[in-house]
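Structure file final_26.txt with compact mmCIF, C-alpha atoms:
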# COMPACT_ATOMS: atom_id res chain seq x y z
CA MET A 1 -3.39 -22.60 4.52
CA LEU A 2 -5.85 -19.71 4.06
CA LYS A 3 -3.96 -17.64 6.63
CA LYS A 4 -0.64 -18.28 4.89
CA PHE A 5 -2.18 -17.35 1.53
CA ALA A 6 -3.51 -14.09 2.97
CA ILE A 7 -0.09 -13.25 4.38
CA THR A 8 1.65 -14.01 1.08
CA ALA A 9 -0.89 -11.95 -0.87
CA SER A 10 -0.41 -9.04 1.51
CA LEU A 11 3.35 -9.20 1.13
CA LEU A 12 3.07 -9.31 -2.65
CA ALA A 13 0.82 -6.28 -2.79
CA ALA A 14 3.11 -4.21 -0.59
CA LEU A 15 6.45 -5.48 -1.83
CA THR A 16 5.63 -4.97 -5.49
CA ALA A 17 3.85 -1.63 -4.92
CA CYS A 18 0.53 -2.71 -6.33
CA SER A 19 -2.77 -1.10 -5.49
CA SER A 20 -4.50 -4.40 -6.29
CA THR A 21 -3.41 -7.89 -5.28
CA PRO A 22 -0.94 -9.37 -7.78
CA GLU A 23 -1.24 -13.01 -8.79
CA VAL A 24 1.30 -15.79 -8.44
CA GLN A 25 1.57 -18.04 -11.47
CA THR A 26 0.55 -21.62 -10.76
CA GLY A 27 -0.02 -24.80 -12.73
CA ASP A 28 2.04 -26.53 -15.38
CA ASP A 29 2.60 -23.32 -17.36
CA ALA A 30 3.90 -21.33 -14.38
CA GLU A 31 7.30 -19.71 -14.75
CA VAL A 32 9.36 -21.09 -11.87
CA ILE A 33 13.02 -20.42 -11.08
CA GLY A 34 15.20 -22.01 -8.45
CA GLY A 35 12.61 -24.75 -7.96
CA ASN A 36 10.40 -22.69 -5.64
CA LEU A 37 10.08 -19.13 -6.92
CA HIS A 38 6.96 -18.47 -9.00
CA ARG A 39 6.62 -15.48 -11.32
CA VAL A 40 4.26 -12.78 -10.07
CA ASP A 41 1.85 -11.21 -12.56
CA GLY A 42 0.57 -7.67 -12.09
CA SER A 43 3.62 -6.36 -10.27
CA ARG A 44 4.75 -2.77 -10.71
CA ALA A 45 8.29 -3.98 -10.19
CA ASP A 46 10.04 -4.98 -13.39
CA ILE A 47 10.15 -8.63 -12.32
CA ALA A 48 8.99 -10.38 -9.15
CA TYR A 49 9.12 -13.97 -7.95
CA ILE A 50 7.94 -15.47 -4.67
CA ASP A 51 7.70 -18.82 -2.95
CA PRO A 52 3.93 -19.25 -2.46
CA ASN A 53 4.54 -21.63 0.44
CA ALA A 54 6.88 -19.36 2.40
CA ASP A 55 5.75 -18.11 5.81
CA PHE A 56 7.11 -14.57 6.03
CA SER A 57 5.17 -13.84 9.21
CA LYS A 58 7.74 -15.62 11.38
CA TYR A 59 10.51 -13.17 10.54
CA ARG A 60 10.91 -10.37 13.08
CA LYS A 61 14.57 -9.42 12.58
CA ILE A 62 16.70 -8.57 9.56
CA LEU A 63 20.14 -9.72 8.51
CA LEU A 64 21.06 -7.03 6.00
CA LEU A 65 23.96 -7.97 3.77
CA PRO A 66 26.15 -5.28 2.18
CA LEU A 67 24.76 -3.78 -1.01
CA GLY A 68 26.25 -5.56 -4.01
CA VAL A 69 28.13 -3.12 -6.23
CA ASP A 70 30.69 -5.30 -8.01
CA ASN A 71 28.74 -6.08 -11.20
CA VAL A 72 27.13 -2.78 -12.13
CA GLU A 73 26.45 -1.84 -15.73
CA VAL A 74 27.09 1.88 -16.14
CA ILE A 75 24.95 3.32 -18.93
CA GLN A 76 26.81 6.39 -20.10
CA PRO A 77 24.99 9.75 -20.23
CA SER A 78 24.43 11.18 -23.69
CA LYS A 79 27.16 13.37 -25.13
CA SER A 80 26.48 16.47 -27.17
CA GLY A 81 28.11 19.74 -28.12
CA THR A 82 31.07 20.64 -25.94
CA SER A 83 30.61 17.46 -23.90
CA LEU A 84 31.54 15.13 -26.78
CA SER A 85 35.02 14.64 -25.35
CA GLN A 86 33.89 14.09 -21.76
CA ARG A 87 35.32 11.16 -19.81
CA ASP A 88 33.29 8.01 -19.38
CA TRP A 89 31.35 7.84 -16.11
CA GLU A 90 33.24 5.37 -13.91
CA LEU A 91 32.05 3.77 -10.68
CA THR A 92 35.07 4.09 -8.39
CA ASP A 93 35.77 2.29 -5.13
CA SER A 94 34.81 5.42 -3.22
CA ASP A 95 31.53 5.60 -5.18
CA LYS A 96 30.80 1.99 -4.26
CA LYS A 97 31.47 2.57 -0.57
CA LEU A 98 29.22 5.63 -0.58
CA LEU A 99 26.37 3.72 -2.25
CA GLN A 100 26.71 0.90 0.28
CA GLN A 101 26.65 3.35 3.18
CA LEU A 102 23.65 5.29 1.85
CA PHE A 103 21.72 2.05 1.30
CA HIS A 104 22.55 0.68 4.75
CA ASP A 105 21.61 3.95 6.43
CA ALA A 106 18.27 4.12 4.60
CA MET A 107 17.38 0.52 5.45
CA LYS A 108 18.42 0.89 9.09
CA LYS A 109 16.42 4.08 9.49
CA GLN A 110 13.21 2.65 8.04
CA LEU A 111 13.38 -0.96 9.29
CA GLN A 112 14.94 -0.52 12.72
CA ASP A 113 14.79 3.12 13.84
CA LYS A 114 11.30 3.87 12.51
CA GLY A 115 10.09 0.30 12.06
CA GLU A 116 9.96 -2.80 14.23
CA PHE A 117 12.63 -4.93 12.56
CA PRO A 118 15.99 -4.70 14.35
CA LEU A 119 19.08 -5.37 12.26
CA VAL A 120 21.18 -8.26 13.51
CA ASP A 121 24.50 -9.75 12.44
CA GLN A 122 23.76 -13.44 13.00
CA PRO A 123 21.28 -15.87 11.40
CA GLY A 124 18.29 -17.07 13.40
CA ASP A 125 14.95 -18.83 12.98
CA ASP A 126 13.16 -15.46 13.06
CA VAL A 127 15.74 -13.61 10.95
CA LEU A 128 15.07 -12.68 7.32
CA GLU A 129 18.13 -12.17 5.16
CA ILE A 130 18.01 -9.33 2.65
CA GLN A 131 20.60 -9.15 -0.13
CA ALA A 132 20.32 -6.25 -2.57
CA MET A 133 22.56 -5.43 -5.49
CA ILE A 134 22.73 -2.62 -8.00
CA THR A 135 22.60 -4.08 -11.49
CA ALA A 136 22.75 -0.86 -13.51
CA LEU A 137 23.32 2.87 -13.17
CA ALA A 138 22.26 5.44 -15.75
CA PRO A 139 23.72 8.82 -14.70
CA ALA A 140 21.92 11.83 -16.14
CA ALA A 141 25.13 13.80 -16.68
CA ALA A 142 28.89 13.58 -16.62
CA LYS A 143 30.36 13.00 -13.17
CA ASP A 144 30.90 16.08 -11.03
CA ASP A 145 34.58 15.40 -10.33
CA ASN A 146 36.34 18.41 -11.91
CA ARG A 147 37.65 16.20 -14.72
CA SER A 148 34.57 15.02 -16.58
CA ARG A 149 32.72 18.28 -17.15
CA PRO A 150 33.66 21.07 -19.57
CA ILE A 151 36.05 23.62 -18.11
CA GLY A 152 34.36 26.88 -17.20
CA ARG A 153 30.85 25.45 -17.04
CA SER A 154 29.39 26.57 -13.72
CA TYR A 155 26.37 24.27 -13.49
CA VAL A 156 24.49 21.40 -15.12
CA ILE A 157 20.70 21.04 -15.22
CA THR A 158 19.07 17.58 -15.49
CA LYS A 159 16.00 15.67 -14.38
CA GLY A 160 17.54 14.25 -11.23
CA ALA A 161 20.68 12.18 -10.88
CA GLY A 162 19.53 9.48 -13.31
CA ALA A 163 18.21 5.94 -12.88
CA ILE A 164 19.14 2.90 -10.81
CA ALA A 165 18.24 -0.76 -11.33
CA VAL A 166 18.38 -3.18 -8.41
CA ALA A 167 17.76 -6.80 -7.59
CA VAL A 168 16.69 -7.71 -4.05
CA ALA A 169 16.59 -11.26 -2.69
CA PHE A 170 14.76 -12.18 0.51
CA GLY A 171 15.80 -15.45 2.10
CA ASP A 172 15.83 -17.57 5.21
CA SER A 173 18.97 -16.64 7.13
CA GLN A 174 19.53 -20.16 8.45
CA THR A 175 18.95 -22.27 5.36
CA GLY A 176 19.96 -19.69 2.76
CA GLU A 177 16.85 -20.52 0.72
CA VAL A 178 15.64 -17.59 -1.39
CA LEU A 179 11.96 -16.90 -0.69
CA ALA A 180 11.36 -13.89 -2.91
CA LEU A 181 13.20 -12.01 -5.63
CA VAL A 182 12.37 -8.56 -6.94
CA LYS A 183 14.05 -6.66 -9.76
CA ASP A 184 13.15 -3.01 -10.16
CA SER A 185 14.40 0.20 -11.76
CA ARG A 186 13.52 3.79 -10.99
CA ASN A 187 14.44 7.34 -11.92
CA THR A 188 15.55 9.49 -9.02
CA VAL A 189 13.21 12.44 -9.62
CA ASN A 190 11.09 13.74 -12.48
CA HIS A 191 11.76 17.46 -12.30
CA TRP A 192 14.55 19.67 -13.56
CA GLY A 193 17.23 20.89 -11.18
CA LEU A 194 20.93 21.28 -10.52
CA ASN A 195 23.07 18.21 -11.07
CA ASN A 196 26.12 18.05 -8.82
CA SER A 197 27.64 15.74 -6.23
CA VAL A 198 25.43 17.15 -3.45
CA THR A 199 22.11 16.92 -5.32
CA ASN A 200 23.00 13.49 -6.72
CA ARG A 201 23.69 12.13 -3.24
CA ALA A 202 20.36 13.50 -2.03
CA ASP A 203 18.52 11.95 -4.99
CA VAL A 204 20.10 8.54 -4.43
CA THR A 205 19.27 8.73 -0.73
CA ARG A 206 15.64 9.45 -1.55
CA MET A 207 15.52 6.48 -3.92
CA PHE A 208 17.02 4.09 -1.37
CA THR A 209 14.63 5.46 1.26
CA SER A 210 11.70 4.79 -1.05
CA TRP A 211 12.72 1.14 -1.45
CA ALA A 212 13.36 0.83 2.30
CA LEU A 213 9.92 2.25 3.08
CA GLN A 214 8.34 -0.25 0.70
CA ILE A 215 10.17 -3.18 2.27
CA ASN A 216 9.29 -2.07 5.80
CA SER A 217 5.65 -1.63 4.82
CA SER A 218 5.47 -5.08 3.25
CA LEU A 219 7.03 -6.83 6.24
CA SER A 220 4.89 -4.88 8.70
CA SER A 221 1.75 -5.90 6.83
CA VAL A 222 2.47 -9.61 7.06
CA THR A 223 3.49 -9.56 10.73
CA ALA A 224 0.36 -7.58 11.58
CA LYS A 225 -1.81 -10.19 9.86
CA ALA A 226 0.01 -12.97 11.71
CA ASP A 227 -0.55 -11.29 15.07
Kindly return the structure encoded in the file as structure tokens.
Amino acid sequence: MLKKFAITASLLAALTACSSTPEVQTGDDAEVIGGNLHRVDGSRADIAYIDPNADFSKYRKILLLPLGVDNVEVIQPSKSGTSLSQRDWELTDSDKKLLQQLFHDAMKKQLQDKGEFPLVDQPGDDVLEIQAMITALAPAAAKDDNRSRPIGRSYVITKGAGAIAVAVAFGDSQTGEVLALVKDSRNTVNHWGLNNSVTNRADVTRMFTSWALQINSSLSSVTAKAD
């Protein structure tokens, strides 16, 4: 029991990006969802839940499901001056496919290529299922698609591409039971620069890579403790 607690605490600290160990709510007043997921206090993520009895140390492979992009709230960038008549920012099918590809590439690079968690396409007793979905996008500027920006304007300056909110569920690939749930939101960068399709893609890639690094670090920490 003590070993399992240490592993869970290690996962919590890494997964929720905390410098100190977060605490899982327990007792009659604990916030519990799904019957087994307890709210985590002290997380830097917006919201985090975990099954305190889950043994994450047994998972050595990853079943990565496609990034969910079908229920995304698009928070429109502010309009001012000559941009008052700009088109609404729309998430097209091609945008969705690009986001899914960028996310998959980032996760594969950090978990499999640089990490020790090969991606597989079948469930197994040592396979952890990861399902992530984008819940909201807040672009910093009108889309760079030659229709949404004022004619004759050569460049747009913003603080990065904007912000993204995600929800990530970690579950047993065989039973389908969700063992942890994290909801988080981040801005791409915090410095001024050009905003166009190229810089936006780079910013989103960096954000996905940051999440992938965090997930790889958390899983590596629990498997190391188990070994």
(message) I'd like the interatomic distance between atom CA of A:Val69 and atom CA of A:Lys159, to a tenth of an Å.
(response)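 Atom-to-atom, atom CA of A:Val69 and atom CA of A:Lys159 are spaced 23.8 Å apart.
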Identify, on the basis of all atoms listed in the file, every residue whose closest approach to stretch 111-120 of chain A does not exceed 7 Å; exclude the query and any residue fewer than 4 positions from it along the same chain; express the result as a tab-separated table (two decimals) with C-alpha atoms, keeping the file's coordinate frame.
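Wrote it out as selection.tsv, contents follow:
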chain	number	residue	atom	x	y	z
A	60	ARG	CA	10.91	-10.37	13.08
A	61	LYS	CA	14.57	-9.42	12.58
A	62	ILE	CA	16.70	-8.57	9.56
A	63	LEU	CA	20.14	-9.72	8.51
A	64	LEU	CA	21.06	-7.03	6.00
A	107	MET	CA	17.38	0.52	5.45
A	216	ASN	CA	9.29	-2.07	5.80
(request) Would you please work out which residue, of A:Val127, A:Leu194, A:Ala45, A:Val156, is nearest to A:Ala142 when using only C-alpha atoms? (result)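 That would be A:Val156, the residue with the smallest distance to A:Ala142.
The two atoms in question, atom CA of A:Ile215 and atom CA of A:Ser197, are spaced 27.1 Å apart.
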(request) Find, counting all atoms listed in the file, the residue in A:Val166, A:Ala132, A:Asp28, A:Ile33 that gets nearest to A:Leu67. (result) A:Ala132
(request) Rank nothing, just name the residue among A:Asp145, A:Asp46, A:Asp55, A:Asp70 nearest to A:Val222, using all atoms listed in the file. (result)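 Ranked by minimum distance to A:Val222, first place goes to A:Asp55.
Here the question is which of A:Phe56, A:Phe208, A:Phe170, A:Trp192 gets nearest to A:Leu102 using all atoms listed in the file, and that residue is A:Phe208.
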(request) Please indicate the distance in Å from atom CA of A:Gln131 to atom CA of A:Gly68, rounded to one decimal place. (result)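 According to the coordinates, atom CA of A:Gln131 and atom CA of A:Gly68 are separated by 7.7 Å.
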(request) Could you give me, as a list in words, the residues within 9 Å of A:Leu99, counting all atoms listed in the file and dropping anything in the same chain fewer than 4 positions from it? (result) Leu67, Val69, Ser94, Asp95, Phe103, His104, Arg201, Val204 and Thr205 of chain A
(message) Counting all atoms listed in the file, which residue out of A:Ala163, A:Ile50, A:Ala141, A:Ile134 sits closest to A:Glu177?
(response) A:Ile50
(message) Which residue is closest to A:Asn53? Choose from A:Lys143, A:Ile157, A:Glu90, A:Ala180 and count only C-alpha atoms.
(response) A:Ala180
